[in-house]
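For reference, protein_18.cif (mmCIF, C-alpha atoms):
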```cif
data_protein
#
loop_
_atom_site.group_PDB
_atom_site.id
_atom_site.type_symbol
_atom_site.label_atom_id
_atom_site.label_comp_id
_atom_site.auth_asym_id
_atom_site.auth_seq_id
_atom_site.Cartn_x
_atom_site.Cartn_y
_atom_site.Cartn_z
ATOM 1 C CA MET Z 284 0.000 0.000 0.000
ATOM 2 C CA THR Z 285 0.971 3.639 -0.362
ATOM 3 C CA GLY Z 286 0.320 6.331 2.234
ATOM 4 C CA ALA Z 287 0.658 4.016 5.243
ATOM 5 C CA SER Z 288 2.293 6.726 7.381
ATOM 6 C CA GLY Z 289 -0.468 9.285 6.854
ATOM 7 C CA PHE Z 290 -3.548 10.160 8.887
ATOM 8 C CA VAL Z 291 -5.855 7.802 6.992
ATOM 9 C CA GLY Z 292 -3.247 5.254 5.951
ATOM 10 C CA SER Z 293 -1.831 4.614 9.423
ATOM 11 C CA VAL Z 294 -5.216 3.562 10.820
ATOM 12 C CA VAL Z 295 -6.184 1.673 7.668
ATOM 13 C CA ALA Z 296 -2.857 -0.209 7.743
ATOM 14 C CA ARG Z 297 -3.478 -1.393 11.306
ATOM 15 C CA ARG Z 298 -6.878 -2.751 10.284
ATOM 16 C CA LEU Z 299 -5.502 -4.393 7.115
ATOM 17 C CA ALA Z 300 -2.618 -5.989 9.007
ATOM 18 C CA ARG Z 301 -5.121 -8.295 10.717
ATOM 19 C CA ASN Z 302 -5.714 -10.170 7.456
ATOM 20 C CA PHE Z 303 -2.959 -9.123 5.036
ATOM 21 C CA GLU Z 304 0.822 -9.070 4.905
ATOM 22 C CA LEU Z 305 1.652 -5.441 4.155
ATOM 23 C CA LEU Z 306 4.414 -3.793 2.157
ATOM 24 C CA ASP Z 307 4.631 -0.032 2.715
ATOM 25 C CA LEU Z 308 5.658 1.719 -0.509
ATOM 26 C CA TYR Z 309 6.756 5.146 0.692
ATOM 27 C CA HIS Z 310 8.213 8.232 -0.922
ATOM 28 C CA ARG Z 311 8.835 10.520 2.082
ATOM 29 C CA THR Z 312 7.986 8.921 5.416
ATOM 30 C CA PRO Z 313 7.921 5.178 6.155
ATOM 31 C CA ALA Z 314 5.175 3.737 8.295
ATOM 32 C CA PRO Z 315 6.075 2.621 11.840
ATOM 33 C CA ALA Z 316 7.542 -0.880 11.917
ATOM 34 C CA ASP Z 317 4.822 -2.107 14.282
ATOM 35 C CA ILE Z 318 2.186 -1.395 11.599
ATOM 36 C CA VAL Z 319 3.630 -2.903 8.426
ATOM 37 C CA GLY Z 320 5.755 -5.932 7.751
ATOM 38 C CA GLN Z 321 8.211 -4.095 5.532
ATOM 39 C CA SER Z 322 8.773 -0.602 4.140
ATOM 40 C CA LEU Z 323 10.362 0.101 0.778
ATOM 41 C CA TYR Z 324 11.366 3.509 -0.557
ATOM 42 C CA ILE Z 325 10.353 4.067 -4.162
ATOM 43 C CA ASP Z 326 10.017 7.013 -6.491
ATOM 44 C CA LEU Z 327 6.273 6.994 -7.048
ATOM 45 C CA SER Z 328 6.764 8.844 -10.338
ATOM 46 C CA ASP Z 329 9.057 6.088 -11.663
ATOM 47 C CA ARG Z 330 6.907 3.377 -13.154
ATOM 48 C CA ARG Z 331 9.833 0.965 -13.448
ATOM 49 C CA SER Z 332 10.569 1.055 -9.721
ATOM 50 C CA ILE Z 333 6.880 0.503 -8.935
ATOM 51 C CA ASP Z 334 6.752 -2.398 -11.373
ATOM 52 C CA GLN Z 335 9.841 -3.995 -9.837
ATOM 53 C CA ALA Z 336 8.586 -3.602 -6.266
ATOM 54 C CA LEU Z 337 5.252 -5.240 -7.068
ATOM 55 C CA ARG Z 338 6.938 -8.072 -8.975
ATOM 56 C CA ASP Z 339 9.463 -8.725 -6.214
ATOM 57 C CA TRP Z 340 6.800 -8.711 -3.514
ATOM 58 C CA ARG Z 341 4.429 -10.870 -5.610
ATOM 59 C CA ALA Z 342 1.603 -8.632 -4.483
ATOM 60 C CA ASP Z 343 -2.035 -9.661 -4.785
ATOM 61 C CA ALA Z 344 -3.315 -6.093 -4.509
ATOM 62 C CA LEU Z 345 -2.184 -2.472 -4.306
ATOM 63 C CA LEU Z 346 -4.123 -0.042 -2.122
ATOM 64 C CA HIS Z 347 -3.247 3.510 -3.142
ATOM 65 C CA ILE Z 348 -3.892 6.106 -0.416
ATOM 66 C CA ALA Z 349 -0.966 8.551 -0.832
ATOM 67 C CA ALA Z 350 -2.128 11.951 -2.102
ATOM 68 C CA ALA Z 351 -1.539 15.682 -2.032
ATOM 69 C CA ALA Z 352 -4.387 16.335 0.401
ATOM 70 C CA ASP Z 353 -3.885 19.914 1.656
ATOM 71 C CA VAL Z 354 -6.877 21.529 -0.025
ATOM 72 C CA ASP Z 355 -5.601 25.101 0.256
ATOM 73 C CA ALA Z 356 -2.060 24.214 -0.865
ATOM 74 C CA CYS Z 357 -3.522 22.448 -3.887
ATOM 75 C CA GLU Z 358 -5.578 25.541 -4.731
ATOM 76 C CA ALA Z 359 -2.364 27.580 -4.954
ATOM 77 C CA GLU Z 360 -1.391 25.336 -7.899
ATOM 78 C CA ARG Z 361 -4.711 25.702 -9.764
ATOM 79 C CA GLU Z 362 -4.418 24.775 -13.462
ATOM 80 C CA ASP Z 363 -0.731 23.881 -13.039
ATOM 81 C CA ARG Z 364 -0.523 20.423 -14.575
ATOM 82 C CA SER Z 365 3.166 20.174 -13.799
ATOM 83 C CA GLY Z 366 2.576 20.939 -10.100
ATOM 84 C CA ASN Z 367 2.753 18.467 -7.241
ATOM 85 C CA ALA Z 368 -1.027 18.303 -6.731
ATOM 86 C CA TYR Z 369 -1.799 17.396 -10.326
ATOM 87 C CA GLN Z 370 1.084 14.979 -10.758
ATOM 88 C CA THR Z 371 0.322 13.200 -7.471
ATOM 89 C CA ASN Z 372 -3.467 13.182 -7.560
ATOM 90 C CA ALA Z 373 -4.296 13.114 -11.277
ATOM 91 C CA VAL Z 374 -1.363 11.416 -13.038
ATOM 92 C CA LEU Z 375 0.016 8.877 -10.553
ATOM 93 C CA PRO Z 376 -3.208 6.836 -10.092
ATOM 94 C CA GLY Z 377 -3.325 6.096 -13.797
ATOM 95 C CA LEU Z 378 0.297 4.931 -13.819
ATOM 96 C CA LEU Z 379 -0.262 2.644 -10.845
ATOM 97 C CA ALA Z 380 -3.520 1.292 -12.265
ATOM 98 C CA ARG Z 381 -1.887 0.458 -15.596
ATOM 99 C CA THR Z 382 1.011 -1.340 -13.917
ATOM 100 C CA CYS Z 383 -1.404 -3.380 -11.795
ATOM 101 C CA ARG Z 384 -3.466 -4.342 -14.846
ATOM 102 C CA GLU Z 385 -0.352 -5.536 -16.685
ATOM 103 C CA LEU Z 386 0.806 -7.568 -13.673
ATOM 104 C CA GLY Z 387 -2.615 -8.997 -12.855
ATOM 105 C CA ILE Z 388 -2.745 -7.218 -9.470
ATOM 106 C CA ARG Z 389 -5.945 -5.819 -7.957
ATOM 107 C CA PHE Z 390 -5.875 -2.017 -7.722
ATOM 108 C CA VAL Z 391 -7.921 -0.037 -5.193
ATOM 109 C CA HIS Z 392 -7.643 3.760 -5.293
ATOM 110 C CA ILE Z 393 -8.771 6.100 -2.493
ATOM 111 C CA SER Z 394 -10.473 9.252 -3.703
ATOM 112 C CA THR Z 395 -12.643 11.838 -1.910
ATOM 113 C CA ASP Z 396 -16.127 13.316 -1.649
ATOM 114 C CA TYR Z 397 -14.591 16.543 -2.984
ATOM 115 C CA VAL Z 398 -14.791 15.197 -6.554
ATOM 116 C CA TYR Z 399 -18.369 16.532 -6.413
ATOM 117 C CA ASP Z 400 -19.131 20.232 -6.726
ATOM 118 C CA GLY Z 401 -21.603 20.087 -3.827
ATOM 119 C CA VAL Z 402 -24.494 21.686 -5.703
ATOM 120 C CA ASP Z 403 -26.864 18.716 -5.727
ATOM 121 C CA GLY Z 404 -25.667 16.615 -2.784
ATOM 122 C CA PRO Z 405 -25.958 14.285 -1.031
ATOM 123 C CA TYR Z 406 -24.611 11.940 -3.696
ATOM 124 C CA HIS Z 407 -25.159 8.264 -4.471
ATOM 125 C CA ASP Z 408 -22.236 6.198 -5.713
ATOM 126 C CA MET Z 409 -23.804 6.096 -9.187
ATOM 127 C CA ASP Z 410 -23.890 9.902 -9.446
ATOM 128 C CA LEU Z 411 -21.180 10.925 -11.907
ATOM 129 C CA PRO Z 412 -19.071 13.921 -10.831
ATOM 130 C CA GLY Z 413 -18.836 16.778 -13.305
ATOM 131 C CA ARG Z 414 -16.360 19.418 -12.215
ATOM 132 C CA ALA Z 415 -15.151 19.838 -8.642
ATOM 133 C CA ALA Z 416 -15.428 23.031 -6.577
ATOM 134 C CA ASN Z 417 -11.658 23.327 -6.017
ATOM 135 C CA TRP Z 418 -8.363 22.188 -7.531
ATOM 136 C CA TYR Z 419 -7.829 19.422 -4.978
ATOM 137 C CA GLY Z 420 -11.160 17.880 -5.891
ATOM 138 C CA GLN Z 421 -10.539 18.351 -9.611
ATOM 139 C CA THR Z 422 -7.151 16.623 -9.482
ATOM 140 C CA LYS Z 423 -8.647 13.728 -7.513
ATOM 141 C CA LEU Z 424 -11.490 13.468 -10.033
ATOM 142 C CA GLU Z 425 -9.038 13.314 -12.925
ATOM 143 C CA GLY Z 426 -7.082 10.681 -10.983
ATOM 144 C CA GLU Z 427 -10.235 8.557 -10.683
ATOM 145 C CA ARG Z 428 -10.836 8.801 -14.398
ATOM 146 C CA ALA Z 429 -7.215 7.977 -15.232
ATOM 147 C CA ALA Z 430 -7.240 4.919 -12.960
ATOM 148 C CA LEU Z 431 -10.465 3.476 -14.356
ATOM 149 C CA LYS Z 432 -9.451 4.184 -17.949
ATOM 150 C CA ALA Z 433 -6.104 2.426 -17.465
ATOM 151 C CA ASN Z 434 -7.626 -0.437 -15.452
ATOM 152 C CA PRO Z 435 -11.397 -0.982 -15.767
ATOM 153 C CA ALA Z 436 -11.211 -3.717 -13.112
ATOM 154 C CA ALA Z 437 -9.958 -1.199 -10.520
ATOM 155 C CA ALA Z 438 -12.062 0.002 -7.597
ATOM 156 C CA VAL Z 439 -12.292 3.675 -6.600
ATOM 157 C CA VAL Z 440 -13.379 4.395 -3.021
ATOM 158 C CA ARG Z 441 -14.716 7.791 -1.927
ATOM 159 C CA PRO Z 442 -14.721 8.488 1.819
ATOM 160 C CA SER Z 443 -15.952 11.710 3.420
ATOM 161 C CA LEU Z 444 -14.143 13.686 6.152
ATOM 162 C CA PRO Z 445 -12.370 10.814 7.946
ATOM 163 C CA TYR Z 446 -11.818 11.260 11.689
ATOM 164 C CA GLY Z 447 -9.982 9.152 14.240
ATOM 165 C CA PRO Z 448 -7.001 9.058 16.606
ATOM 166 C CA ALA Z 449 -4.598 12.012 16.752
ATOM 167 C CA HIS Z 450 -1.973 12.245 14.025
ATOM 168 C CA PRO Z 451 1.001 14.655 13.982
ATOM 169 C CA ARG Z 452 0.310 15.872 10.451
ATOM 170 C CA LYS Z 453 -3.465 16.207 10.413
ATOM 171 C CA ARG Z 454 -6.322 17.733 12.391
ATOM 172 C CA ASP Z 455 -9.721 16.289 11.549
ATOM 173 C CA ILE Z 456 -13.039 17.957 12.362
ATOM 174 C CA VAL Z 457 -13.194 16.366 15.828
ATOM 175 C CA ARG Z 458 -9.662 17.503 16.703
ATOM 176 C CA LEU Z 459 -10.315 21.001 15.357
ATOM 177 C CA VAL Z 460 -13.496 21.484 17.381
ATOM 178 C CA ARG Z 461 -11.871 20.137 20.548
ATOM 179 C CA SER Z 462 -8.842 22.375 20.092
ATOM 180 C CA ARG Z 463 -10.954 25.524 19.740
ATOM 181 C CA LEU Z 464 -13.440 24.804 22.497
ATOM 182 C CA GLY Z 465 -10.764 23.466 24.831
ATOM 183 C CA ALA Z 466 -8.931 26.782 24.525
ATOM 184 C CA GLY Z 467 -12.123 28.703 25.281
ATOM 185 C CA GLU Z 468 -12.424 29.910 21.680
ATOM 186 C CA ALA Z 469 -15.567 29.967 19.585
ATOM 187 C CA PHE Z 470 -16.024 27.495 16.745
ATOM 188 C CA ALA Z 471 -18.066 28.705 13.771
ATOM 189 C CA GLY Z 472 -19.898 25.748 12.242
ATOM 190 C CA ALA Z 473 -21.611 26.059 8.888
ATOM 191 C CA VAL Z 474 -25.354 25.444 8.947
ATOM 192 C CA ASP Z 475 -25.690 25.359 5.144
ATOM 193 C CA GLN Z 476 -23.103 22.653 4.440
ATOM 194 C CA PHE Z 477 -23.798 18.910 4.653
ATOM 195 C CA ILE Z 478 -21.191 16.254 5.426
ATOM 196 C CA SER Z 479 -20.988 12.552 6.338
ATOM 197 C CA PRO Z 480 -17.868 12.126 8.529
ATOM 198 C CA THR Z 481 -16.271 8.678 8.420
ATOM 199 C CA TRP Z 482 -14.902 6.811 11.452
ATOM 200 C CA LEU Z 483 -11.458 5.596 10.379
ATOM 201 C CA ASP Z 484 -11.864 2.078 11.779
ATOM 202 C CA ASP Z 485 -14.930 1.620 9.580
ATOM 203 C CA LEU Z 486 -13.025 2.963 6.597
ATOM 204 C CA GLY Z 487 -10.188 0.525 7.240
ATOM 205 C CA ASP Z 488 -12.509 -2.463 7.589
ATOM 206 C CA GLY Z 489 -14.439 -1.415 4.490
ATOM 207 C CA LEU Z 490 -11.269 -1.047 2.452
ATOM 208 C CA ALA Z 491 -10.105 -4.486 3.588
ATOM 209 C CA ALA Z 492 -13.383 -5.945 2.301
ATOM 210 C CA ILE Z 493 -13.086 -4.117 -1.021
ATOM 211 C CA VAL Z 494 -9.434 -5.140 -1.479
ATOM 212 C CA ALA Z 495 -10.374 -8.770 -0.856
ATOM 213 C CA GLY Z 496 -13.309 -8.575 -3.271
ATOM 214 C CA GLN Z 497 -13.609 -8.230 -7.013
ATOM 215 C CA GLY Z 498 -15.898 -5.230 -7.392
ATOM 216 C CA SER Z 499 -14.841 -2.518 -9.827
ATOM 217 C CA GLY Z 500 -15.829 1.102 -10.331
ATOM 218 C CA ALA Z 501 -16.918 3.561 -7.671
ATOM 219 C CA TYR Z 502 -17.794 2.819 -4.050
ATOM 220 C CA HIS Z 503 -18.881 5.398 -1.502
ATOM 221 C CA LEU Z 504 -17.672 4.538 2.004
ATOM 222 C CA ALA Z 505 -18.757 7.200 4.492
ATOM 223 C CA GLY Z 506 -20.357 7.590 7.892
ATOM 224 C CA ALA Z 507 -24.027 6.784 8.374
ATOM 225 C CA THR Z 508 -24.948 10.281 9.621
ATOM 226 C CA LEU Z 509 -25.602 13.240 7.316
ATOM 227 C CA LEU Z 510 -25.321 16.494 9.255
ATOM 228 C CA THR Z 511 -23.969 20.047 9.168
ATOM 229 C CA PRO Z 512 -20.579 21.047 10.615
ATOM 230 C CA TYR Z 513 -22.520 23.069 13.200
ATOM 231 C CA ASP Z 514 -24.380 19.967 14.383
ATOM 232 C CA ALA Z 515 -21.174 17.924 14.245
ATOM 233 C CA ALA Z 516 -19.448 20.442 16.532
ATOM 234 C CA LEU Z 517 -22.309 20.171 19.035
ATOM 235 C CA VAL Z 518 -21.911 16.371 19.069
ATOM 236 C CA VAL Z 519 -18.184 16.747 19.759
ATOM 237 C CA ALA Z 520 -18.776 19.297 22.536
ATOM 238 C CA ARG Z 521 -21.350 17.121 24.299
ATOM 239 C CA THR Z 522 -19.293 13.941 23.964
ATOM 240 C CA PHE Z 523 -16.125 15.480 25.415
ATOM 241 C CA GLY Z 524 -17.833 17.676 28.005
ATOM 242 C CA LEU Z 525 -16.918 20.989 26.358
ATOM 243 C CA ASP Z 526 -18.896 24.234 26.403
ATOM 244 C CA GLU Z 527 -21.357 23.920 23.538
ATOM 245 C CA ARG Z 528 -22.273 27.593 23.924
ATOM 246 C CA LEU Z 529 -18.985 28.307 22.123
ATOM 247 C CA VAL Z 530 -20.323 26.593 19.003
ATOM 248 C CA ARG Z 531 -21.705 29.358 16.801
ATOM 249 C CA PRO Z 532 -23.866 28.949 13.693
ATOM 250 C CA ALA Z 533 -22.483 30.505 10.506
ATOM 251 C CA THR Z 534 -22.881 30.258 6.765
ATOM 252 C CA LEU Z 535 -20.288 28.673 4.499
ATOM 253 C CA ALA Z 536 -19.727 32.064 2.860
ATOM 254 C CA GLU Z 537 -18.986 33.658 6.232
ATOM 255 C CA ILE Z 538 -16.431 30.989 7.115
ATOM 256 C CA SER Z 539 -14.640 30.948 3.771
ATOM 257 C CA GLY Z 540 -11.773 33.410 3.998
ATOM 258 C CA SER Z 541 -9.408 34.906 1.457
ATOM 259 C CA GLY Z 542 -6.661 32.540 0.362
ATOM 260 C CA ARG Z 543 -8.769 29.465 1.098
ATOM 261 C CA ALA Z 544 -9.963 27.074 -1.547
ATOM 262 C CA PRO Z 545 -13.730 27.067 -2.163
ATOM 263 C CA ARG Z 546 -15.509 24.368 -0.160
ATOM 264 C CA PRO Z 547 -18.443 22.493 -1.692
ATOM 265 C CA ARG Z 548 -21.809 23.019 -0.012
ATOM 266 C CA ALA Z 549 -23.087 19.440 0.171
ATOM 267 C CA THR Z 550 -20.814 16.470 -0.467
ATOM 268 C CA ALA Z 551 -22.392 14.080 2.012
ATOM 269 C CA LEU Z 552 -22.223 10.574 0.539
ATOM 270 C CA LEU Z 553 -24.874 7.876 0.358
ATOM 271 C CA CYS Z 554 -23.507 4.338 0.150
ATOM 272 C CA PRO Z 555 -26.135 1.979 -1.331
ATOM 273 C CA ARG Z 556 -23.652 -0.114 -3.309
ATOM 274 C CA PHE Z 557 -21.339 -0.680 -0.353
ATOM 275 C CA ASP Z 558 -24.248 -1.543 1.934
ATOM 276 C CA ARG Z 559 -25.717 -3.921 -0.638
ATOM 277 C CA GLU Z 560 -22.471 -5.775 -1.364
ATOM 278 C CA LEU Z 561 -20.525 -5.521 1.889
ATOM 279 C CA GLY Z 562 -22.798 -4.078 4.556
ATOM 280 C CA GLY Z 563 -23.319 -7.478 6.123
ATOM 281 C CA ARG Z 564 -19.623 -7.592 7.032
ATOM 282 C CA VAL Z 565 -18.786 -3.945 7.770
ATOM 283 C CA ARG Z 566 -20.770 -1.384 9.773
ATOM 284 C CA ARG Z 567 -20.821 2.289 8.861
ATOM 285 C CA ARG Z 568 -21.222 3.997 12.219
ATOM 286 C CA GLY Z 569 -23.073 7.226 12.820
ATOM 287 C CA PHE Z 570 -21.126 10.294 13.898
ATOM 288 C CA ALA Z 571 -22.202 10.320 17.547
ATOM 289 C CA GLU Z 572 -21.252 6.657 17.946
ATOM 290 C CA GLY Z 573 -17.887 7.161 16.260
ATOM 291 C CA VAL Z 574 -17.011 10.178 18.399
ATOM 292 C CA GLY Z 575 -17.996 8.197 21.479
ATOM 293 C CA LEU Z 576 -15.650 5.391 20.425
ATOM 294 C CA LEU Z 577 -12.859 7.915 20.007
ATOM 295 C CA ARG Z 578 -13.485 9.266 23.525
ATOM 296 C CA ASP Z 579 -13.475 5.752 24.959
ATOM 297 C CA LEU Z 580 -10.285 4.924 23.077
ATOM 298 C CA GLU Z 581 -8.517 7.913 24.580
ATOM 299 C CA LEU Z 582 -9.664 6.942 28.075
ATOM 300 C CA GLN Z 583 -8.037 3.526 27.833
ATOM 301 C CA PRO Z 584 -4.795 3.227 29.802
ATOM 302 C CA ALA Z 585 -1.629 3.263 27.738
ATOM 303 C CA PRO Z 586 -0.021 -0.168 27.269
ATOM 304 C CA PRO Z 587 3.062 -0.798 29.428
ATOM 305 C CA SER Z 588 6.322 0.171 27.763
#
```
For this file, write the structure as structure tokens.
Amino acid sequence: MTGASGFVGSVVARRLARNFELLDLYHRTPAPADIVGQSLYIDLSDRRSIDQALRDWRADALLHIAAAADVDACEAEREDRSGNAYQTNAVLPGLLARTCRELGIRFVHISTDYVYDGVDGPYHDMDLPGRAANWYGQTKLEGERAALKANPAAAVVRPSLPYGPAHPRKRDIVRLVRSRLGAGEAFAGAVDQFISPTWLDDLGDGLAAIVAGQGSGAYHLAGATLLTPYDAALVVARTFGLDERLVRPATLAEISGSGRAPRPRATALLCPRFDRELGGRVRRRGFAEGVGLLRDLELQPAPPS
């Protein structure tokens, strides 16, 4: 897999390691040794090194999570097809998908709800994206198309706003709300935006099921609750015993500041295909339940060193 050291990948890797032997293909930061069986540095832009790694490992599948995921940093490269965002998110998935097709390896690519413009959401997995609201979403959309064109047997998985344990390089919506309210600061939550936050353990278990399966095309894999960021912040405040009076309603336009990429209004995802094919094996938890699990996880005593 790629991206095993990241916010999403590190949790997904721990879930996958229960049933798979993992090779971490990394470009910048290797995953911790207690997560993966082996880490291998490769130049992800060099198709020959990817080909050799997959041949040597005799891989059955490649799960591609690595991405340029800073939405605002991606926006600074808008329309730059030689930039890091485009090369990583739009070009690389097609190269990996083609290599996997030629080697007979299953390819599963992680995308995002931001491939949708947010005008007509929530979206079913059969709803075809047109043009995304920002450059991050557009590059991920073009990456989806490149992967499926190069390898029609590939699966593309769209999560929505993953949240889970703390990670040094990422603050999810739960961490952001807790940070603001814990410092006695107000949190402005949009009341005209609709999201479906995804508990990372569910995402990991769902990806494991998709990797082990044979389904191709698009899957939505998101949380079971559709709500606004304002309502999500209230859930976080109540779960962690924070002052919910600091949660203030706002519009998306009021929150969006200069220098920030446009955010889509409604990219909440509906998951009928996943539920039909895999729902008997994997639960998609609601937001309140997932946040409660996170609280309980943090209350557990640390294992002895």
| Nearest candidate to Phe303 in chain Z (options Z:Glu425, Z:Ala336, Z:Ala491, Z:Ser499; using all atoms listed in the file) |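 Looking only at the distances to Phe303 in chain Z, the closest residue turns out to be Z:Ala491.
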| message | Applying the PyMOL selection byres ((chain Z and resi 362-369) around 10) to the file I just gave you, which residues come out? Please list them as an NGL selection string. | response | :Z and (350-354 or 356-361 or 370-375 or 418-419 or 421-423 or 425-426)
| field | Residues matched by the PyMOL selection byres ((chain Z and resi 390-395) around 9) as a PyMOL selection string | value | chain Z and resi 344-350+372+376+379-380+383-384+388-389+396-399+420+423-424+426-427+430+434+436-444+490+493-494+499+503
Just say which residues the PyMOL selection byres ((chain Z and resi 515-528) around 9) picks in this file, as a compact mmCIF listing (two decimals) with C-alpha atoms, in the coordinates of the input.
```txt
# COMPACT_ATOMS: atom_id res chain seq x y z
CA ILE Z 456 -13.04 17.96 12.36
CA VAL Z 457 -13.19 16.37 15.83
CA VAL Z 460 -13.50 21.48 17.38
CA ARG Z 461 -11.87 20.14 20.55
CA LEU Z 464 -13.44 24.80 22.50
CA GLY Z 465 -10.76 23.47 24.83
CA GLY Z 467 -12.12 28.70 25.28
CA ALA Z 469 -15.57 29.97 19.58
CA PHE Z 470 -16.02 27.50 16.74
CA ALA Z 471 -18.07 28.70 13.77
CA GLY Z 472 -19.90 25.75 12.24
CA ILE Z 478 -21.19 16.25 5.43
CA PRO Z 480 -17.87 12.13 8.53
CA LEU Z 510 -25.32 16.49 9.26
CA THR Z 511 -23.97 20.05 9.17
CA PRO Z 512 -20.58 21.05 10.62
CA TYR Z 513 -22.52 23.07 13.20
CA ASP Z 514 -24.38 19.97 14.38
CA LEU Z 529 -18.98 28.31 22.12
CA VAL Z 530 -20.32 26.59 19.00
CA ARG Z 531 -21.70 29.36 16.80
CA PHE Z 570 -21.13 10.29 13.90
CA ALA Z 571 -22.20 10.32 17.55
CA VAL Z 574 -17.01 10.18 18.40
CA GLY Z 575 -18.00 8.20 21.48
CA ARG Z 578 -13.48 9.27 23.52
```
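Among the candidates Z:Leu577, Z:Gly387, Z:His310, Z:Leu504, the residue lying nearest to Tyr446 in chain Z is Z:Leu577 (atoms considered: all atoms listed in the file).
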| said: I want to know what sits within 9 Å of Ala492 in chain Z, based on only C-alpha atoms, with residues of the same chain fewer than 5 positions away left out; could you give that as a PyMOL selection string? | reply: chain Z and resi 487+561+564-565
| Of the residues Z:Trp340, Z:Trp482, Z:Tyr324, Z:Tyr406, which is the one nearest to Val295 in chain Z, using all atoms listed in the file? | Z:Trp482
| Among the residues Z:Asp408, Z:Asp307, Z:Asp403, Z:Asp339, the one that comes closest to Ile325 in chain Z [using only C-alpha atoms] |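 Among Z:Asp408, Z:Asp307, Z:Asp403, Z:Asp339, it is Z:Asp307 that comes nearest to Ile325 in chain Z.
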| message | Using all atoms listed in the file, list the residues that have an atom at most 12 Å from (-1.7, -6.9, 8.2), coordinates as in the file, as a ChimeraX atom specification. | response | /Z:284,287,293-307,316-321,487-488,491
Expected residue set, 12 Å radius at (-22.8, 5.1, -2.3), all atoms listed in the file, as a short mmCIF file (atom, residue, chain, number, x, y, z; two decimals) with C-alpha atoms, in the coordinates of the input:
```
data_model
loop_
_atom_site.label_atom_id
_atom_site.label_comp_id
_atom_site.auth_asym_id
_atom_site.auth_seq_id
_atom_site.Cartn_x
_atom_site.Cartn_y
_atom_site.Cartn_z
CA ASP Z 396 -16.13 13.32 -1.65
CA GLY Z 404 -25.67 16.61 -2.78
CA PRO Z 405 -25.96 14.28 -1.03
CA TYR Z 406 -24.61 11.94 -3.70
CA HIS Z 407 -25.16 8.26 -4.47
CA ASP Z 408 -22.24 6.20 -5.71
CA MET Z 409 -23.80 6.10 -9.19
CA ASP Z 410 -23.89 9.90 -9.45
CA LEU Z 411 -21.18 10.92 -11.91
CA VAL Z 439 -12.29 3.68 -6.60
CA VAL Z 440 -13.38 4.39 -3.02
CA ARG Z 441 -14.72 7.79 -1.93
CA PRO Z 442 -14.72 8.49 1.82
CA SER Z 443 -15.95 11.71 3.42
CA SER Z 479 -20.99 12.55 6.34
CA GLY Z 500 -15.83 1.10 -10.33
CA ALA Z 501 -16.92 3.56 -7.67
CA TYR Z 502 -17.79 2.82 -4.05
CA HIS Z 503 -18.88 5.40 -1.50
CA LEU Z 504 -17.67 4.54 2.00
CA ALA Z 505 -18.76 7.20 4.49
CA GLY Z 506 -20.36 7.59 7.89
CA ALA Z 507 -24.03 6.78 8.37
CA THR Z 550 -20.81 16.47 -0.47
CA ALA Z 551 -22.39 14.08 2.01
CA LEU Z 552 -22.22 10.57 0.54
CA LEU Z 553 -24.87 7.88 0.36
CA CYS Z 554 -23.51 4.34 0.15
CA PRO Z 555 -26.14 1.98 -1.33
CA ARG Z 556 -23.65 -0.11 -3.31
CA PHE Z 557 -21.34 -0.68 -0.35
CA ASP Z 558 -24.25 -1.54 1.93
CA ARG Z 559 -25.72 -3.92 -0.64
CA GLU Z 560 -22.47 -5.78 -1.36
CA LEU Z 561 -20.52 -5.52 1.89
CA GLY Z 562 -22.80 -4.08 4.56
CA ARG Z 567 -20.82 2.29 8.86
#
```
| field | Nearest residue to Asp484 in chain Z from the set Z:Ala549, Z:Leu378, Z:Leu580, Z:Leu337 (distances using only C-alpha atoms) | value |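 Once distances to Asp484 in chain Z are computed over only C-alpha atoms, the minimum belongs to Z:Leu580.
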From the block I gave, I'd like range 512-519 of chain Z written with N, CA and C atoms, as a PDB file, in the first residue's frame.
```
ATOM      1  N   PRO Z 512     -21.709  20.857   9.702  1.00  0.00           N
ATOM      2  CA  PRO Z 512     -20.579  21.047  10.615  1.00  0.00           C
ATOM      3  C   PRO Z 512     -20.994  21.656  11.955  1.00  0.00           C
ATOM      4  N   TYR Z 513     -22.016  22.497  11.948  1.00  0.00           N
ATOM      5  CA  TYR Z 513     -22.520  23.069  13.200  1.00  0.00           C
ATOM      6  C   TYR Z 513     -23.033  21.958  14.121  1.00  0.00           C
ATOM      7  N   ASP Z 514     -23.857  21.064  13.578  1.00  0.00           N
ATOM      8  CA  ASP Z 514     -24.380  19.967  14.383  1.00  0.00           C
ATOM      9  C   ASP Z 514     -23.270  19.008  14.792  1.00  0.00           C
ATOM     10  N   ALA Z 515     -22.298  18.799  13.904  1.00  0.00           N
ATOM     11  CA  ALA Z 515     -21.174  17.924  14.245  1.00  0.00           C
ATOM     12  C   ALA Z 515     -20.392  18.493  15.430  1.00  0.00           C
ATOM     13  N   ALA Z 516     -20.184  19.810  15.436  1.00  0.00           N
ATOM     14  CA  ALA Z 516     -19.448  20.442  16.532  1.00  0.00           C
ATOM     15  C   ALA Z 516     -20.196  20.301  17.856  1.00  0.00           C
ATOM     16  N   LEU Z 517     -21.524  20.368  17.815  1.00  0.00           N
ATOM     17  CA  LEU Z 517     -22.309  20.171  19.035  1.00  0.00           C
ATOM     18  C   LEU Z 517     -22.154  18.744  19.559  1.00  0.00           C
ATOM     19  N   VAL Z 518     -22.120  17.764  18.655  1.00  0.00           N
ATOM     20  CA  VAL Z 518     -21.911  16.371  19.069  1.00  0.00           C
ATOM     21  C   VAL Z 518     -20.558  16.225  19.755  1.00  0.00           C
ATOM     22  N   VAL Z 519     -19.523  16.828  19.184  1.00  0.00           N
ATOM     23  CA  VAL Z 519     -18.184  16.747  19.759  1.00  0.00           C
ATOM     24  C   VAL Z 519     -18.168  17.401  21.148  1.00  0.00           C
TER      25      VAL Z 519
END
```
